[in-house]
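Enquirer: Before I ask anything, let me first share the structure, which is written out below as structure tokens.
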Amino acid sequence: MDHCRNYFSYLGNKLAYVPHLGYLSAGTPSTSKIKGYICEWENGANTKKADGTGVAVYIGGNKVLLNGKIAASSGIDTDHDGVSDYNEVDVNAIKKIGGSSAQTITWKQGHDYLNNKGYISDKSYDKIADLVKDLAQNQEIYPAKSNPADVDSDGDDIKDANDPNPNQSDVTVHKLSQEDYLKIIYNGEQRYGCDQSWLNDIDEEVLKAHDLSSTFACGLVAAGDLIAYLNLYTKINMKDFANDNGFSKLADTTPINDLYNCYGYNESNDTIDYYKYMNYIAKLSDIIKIYDATDGAIAIGPNSIKSCLNKIFKYNSDSKYDYTVHWRNNNAKDKLKERIRKSLGNNLPVIISFDHPTPDQEDLKFYTKSGEVNFKDDTTTTSHYMVITEITEYSKDAAKVVGHSTMIKVASWSRDLYVDLDEYSDIVNSDVDKKMFNHVYNNFASNILEIGRKKK
Ligand SMILES: [Ca+2]
Ligand SMILES: [Ca+2]
Ligand SMILES: [Ca+2]
């Protein structure tokens, strides 16, 4: 049956093209990214459920149960995705192949049609023709626009009922390998990275010794999280960095094996203890200087973060890669997207900052994502550092449904939040008075820290 499945899928893929005949009339599609679905009644078995209802069909070669025969009048919606089974079937394709009044077509009709139109090579035609002869030439098939047994046929998080292209993913995602980013345990709860306000929990003497306040610490915690991520999940050895820069005082073990001994990483369940972690963050502030300027705190931080990372990478001589760190000075939308995609694809988190120099500019909005692609307004910021862990780009069609075309997932205040990258870019590039200072400032204060990686 295995090689049969391939032919079912093959024919299904071709049939999935039929509604797009205008587009295809120039020639045979050589490659297809579209995963076609085809429903075929199982030989000699019409009802399958214990109560006598339901029908067994093959969909793309996999056997599934539908709640009843496919028919316009039945209204059956097997997968409860809001689209009836009949409406998931490509009725137009059936009518094109079988004639305007056709209710169904057979395998033979389907593959003869494709052969006549030149959609199947002669060689494939012979193979399929043999196979179909052996099976049931007159068996009914239903080319489908989407899978009547799956609420989200192409798995792009947009349900078939709302999906403009239910058979073709409308979403491109680049993300870190660790879905949960940094699993920091705070009051028994797993969080998404670190929250600067947790600095208020550590010993006051420690805060004083490091001249720290949680108010302006977002850059520090973003960098601290980024460093911990690199340490744990890209296997960058930070043992010598930790020993030479006084982190070993925080470690439980002597000799210290790596930086993670200093911030309470528990290898057995891949979690981090927040209290130890905040002491590591405080210690890190000796290297990453933050200034408690009343405005524009962001403007001073980037180079400090950059030089700290460069210091770490200098120690990392045993790695297979050379790393370089850049605080970018061009925040044009396309440049940002390209760099974020590339970094996340290399499993390297990206720090992004936001600041607006003039009060007239809008605040940056954060969103939360729920269930199906549904972004809800959450909080806002006037000035902030965060870490990008994922970028999702929606096709033009899907953007109309989702309401956004490029969303970045960011770790901020120990939460996973979303920022619309177009909104970000529009705000930071909308200099109200077009003064050169604002332009230069915006490019510097609202930008990304990009880590470049090259094989040695
Ligand atoms: Ca359905
Ligand atoms: Ca469906
Ligand atoms: Ca979908």
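The way I read the labels, and the way they are meant: chains A, B, ... in the order of the structure tokens, residue 1 as the first residue of every chain, and ligand 1 as the first ligand shown, with later ones counted on from there.
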To check your reading of the model: which residues sit at most 12 Å from ligand 1 when counting only C-alpha atoms and all ligand atoms? Write the answer as a ChimeraX atom specification.
Expert: /A:66-67,70,75-89,144-153,159-162,166
Enquirer: DSSP on the backbone, then: every residue of stretch 306-363 of chain A marked strand (DSSP E or B), written as a ChimeraX atom specification.
Expert: /A:321-327,350-355
Enquirer: Please, could you write that set of residues out with C-alpha atoms as a PDB file, in the first residue's frame?
Expert:
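Output (result20.pdb):
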ATOM      1  CA  TYR A 321      32.880  29.458  15.286  1.00  0.00           C
ATOM      2  CA  ASP A 322      34.114  33.016  15.312  1.00  0.00           C
ATOM      3  CA  TYR A 323      31.574  35.462  16.683  1.00  0.00           C
ATOM      4  CA  THR A 324      31.302  39.176  16.077  1.00  0.00           C
ATOM      5  CA  VAL A 325      28.934  41.581  17.799  1.00  0.00           C
ATOM      6  CA  HIS A 326      27.380  44.608  16.124  1.00  0.00           C
ATOM      7  CA  TRP A 327      25.067  47.249  17.443  1.00  0.00           C
ATOM      8  CA  VAL A 350      18.572  39.167  19.264  1.00  0.00           C
ATOM      9  CA  ILE A 351      18.437  42.104  21.679  1.00  0.00           C
ATOM     10  CA  ILE A 352      16.204  44.895  20.444  1.00  0.00           C
ATOM     11  CA  SER A 353      15.804  48.328  21.987  1.00  0.00           C
ATOM     12  CA  PHE A 354      13.100  50.930  21.682  1.00  0.00           C
ATOM     13  CA  ASP A 355      13.227  54.567  22.605  1.00  0.00           C
TER      14      ASP A 355
END
Enquirer: Just the residues within 8 Å of A:Ala251, please, counting only C-alpha atoms, with nothing from its chain fewer than 3 positions along; format it as a VMD selection string.
Expert: chain A and resid 247 to 248 254 256 261 to 263
Enquirer: Got a sec: who's within 9 Å of A:Asp170, counting only C-alpha atoms, leaving out chain neighbours fewer than 2 positions off, as a list of chain:residue names?
Expert: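 The neighbour list is A:Asp154, A:Asp156, A:Ile158, A:Asp163, A:Pro164, A:Asn165, A:Pro166, A:Gln168, A:Thr172, A:Glu393, A:Tyr394, A:Ser395, A:Lys396, A:Asp397, A:Ala398, A:Ala399.
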Enquirer: Please provide as a list in words all residues within 9 Å of A:Gly219, with the sequence filter that same-chain residues fewer than 5 positions apart are discarded (counting only C-alpha atoms).
Expert: Gly224, Ile288, Ile290, Ile298, Gly301, Pro302, Ile305, Ile351, Ser353, His384, Tyr385 and Met386 of chain A
Enquirer: Could those residues be written to a file, using C-alpha atoms, as a PDB file, in the first residue's frame?
Expert:
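Result written to selection-v6.pdb:
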ATOM      1  CA  GLY A 224      22.159  38.599  31.081  1.00  0.00           C
ATOM      2  CA  ILE A 288      27.612  46.062  31.643  1.00  0.00           C
ATOM      3  CA  ILE A 290      23.760  51.078  33.023  1.00  0.00           C
ATOM      4  CA  ILE A 298      18.932  53.269  26.264  1.00  0.00           C
ATOM      5  CA  GLY A 301      23.753  50.966  27.096  1.00  0.00           C
ATOM      6  CA  PRO A 302      24.316  49.401  23.670  1.00  0.00           C
ATOM      7  CA  ILE A 305      26.437  45.311  26.134  1.00  0.00           C
ATOM      8  CA  ILE A 351      18.437  42.104  21.679  1.00  0.00           C
ATOM      9  CA  SER A 353      15.804  48.328  21.987  1.00  0.00           C
ATOM     10  CA  HIS A 384      12.881  49.401  26.718  1.00  0.00           C
ATOM     11  CA  TYR A 385      15.261  46.564  25.910  1.00  0.00           C
ATOM     12  CA  MET A 386      13.924  43.096  25.127  1.00  0.00           C
TER      13      MET A 386
END
Enquirer: Which of these residues is nearest to ligand 2, using only C-alpha atoms and all ligand atoms: A:Trp107, A:Asp201, A:Pro255, A:Gly155?
Expert: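 For ligand 2, the nearest of the candidates is A:Gly155.
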Enquirer: I need the residues in stretch 204-434 of chain A that are alpha helix (DSSP H) according to DSSP; give them as a ChimeraX atom specification.
Expert: /A:204-209,218-233,239-244,274-284,297-315,333-345,396-402,421-428
Enquirer: List as a ChimeraX atom specification the protein and nucleic acid residues near A:Ile227, meaning an atom at most 10 Å away when only C-alpha atoms are counted, but skip any in the same chain fewer than 4 places from it.
Expert: /A:221-223,231-232,236,238,259,308-309,312,349
Enquirer: Extract, using only C-alpha atoms, all DNA, RNA and protein residues at most 9 Å from A:Asp240, discarding same-chain residues fewer than 3 positions from it, and format them as a PyMOL selection string.
Expert: chain A and resi 237+243-245+257-259+312+315-316
Enquirer: Export, as a compact mmCIF listing (two decimals), in the first residue's frame, the selected residues with C-alpha atoms.
Expert:
# COMPACT_ATOMS: atom_id res chain seq x y z
CA ASN A 237 32.05 27.85 27.12
CA ASN A 243 36.59 32.66 36.74
CA ASP A 244 38.47 35.72 35.55
CA ASN A 245 35.64 38.16 36.21
CA ASN A 257 32.87 24.27 35.62
CA ASP A 258 31.11 27.00 33.71
CA LEU A 259 29.14 30.22 34.13
CA ILE A 312 33.02 36.67 26.33
CA TYR A 315 37.52 33.72 25.82
CA ASN A 316 35.72 31.28 23.60
Enquirer: With distances taken over only C-alpha atoms, which residue among A:Lys311, A:Lys400, A:Lys183, A:Lys306 lies nearest A:Ala242?
Expert: A:Lys311
Enquirer: Record the distance separating atom CA of A:Gly193 and atom CA of A:Cys218, expressed in Å with one decimal.
Expert: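 A separation of 11.7 Å between them.
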Enquirer: Using only C-alpha atoms, which of A:Leu114, A:Ile427, A:Val173, A:Val387 sits nearest A:Lys333?
Expert: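 Closest candidate: A:Ile427.
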Enquirer: What is the atom CA of A:Ser285-atom CA of A:Leu449 distance in Å, reported with one decimal?
Expert: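 It comes out at 18.0 Å.
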Enquirer: Using only C-alpha atoms and all ligand atoms, which of the listed residues (A:Gln361, A:Ala217, A:Ile391, A:Asn167) sits closest to ligand 3?
Expert: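 Under the stated criterion, the closest residue is A:Asn167.
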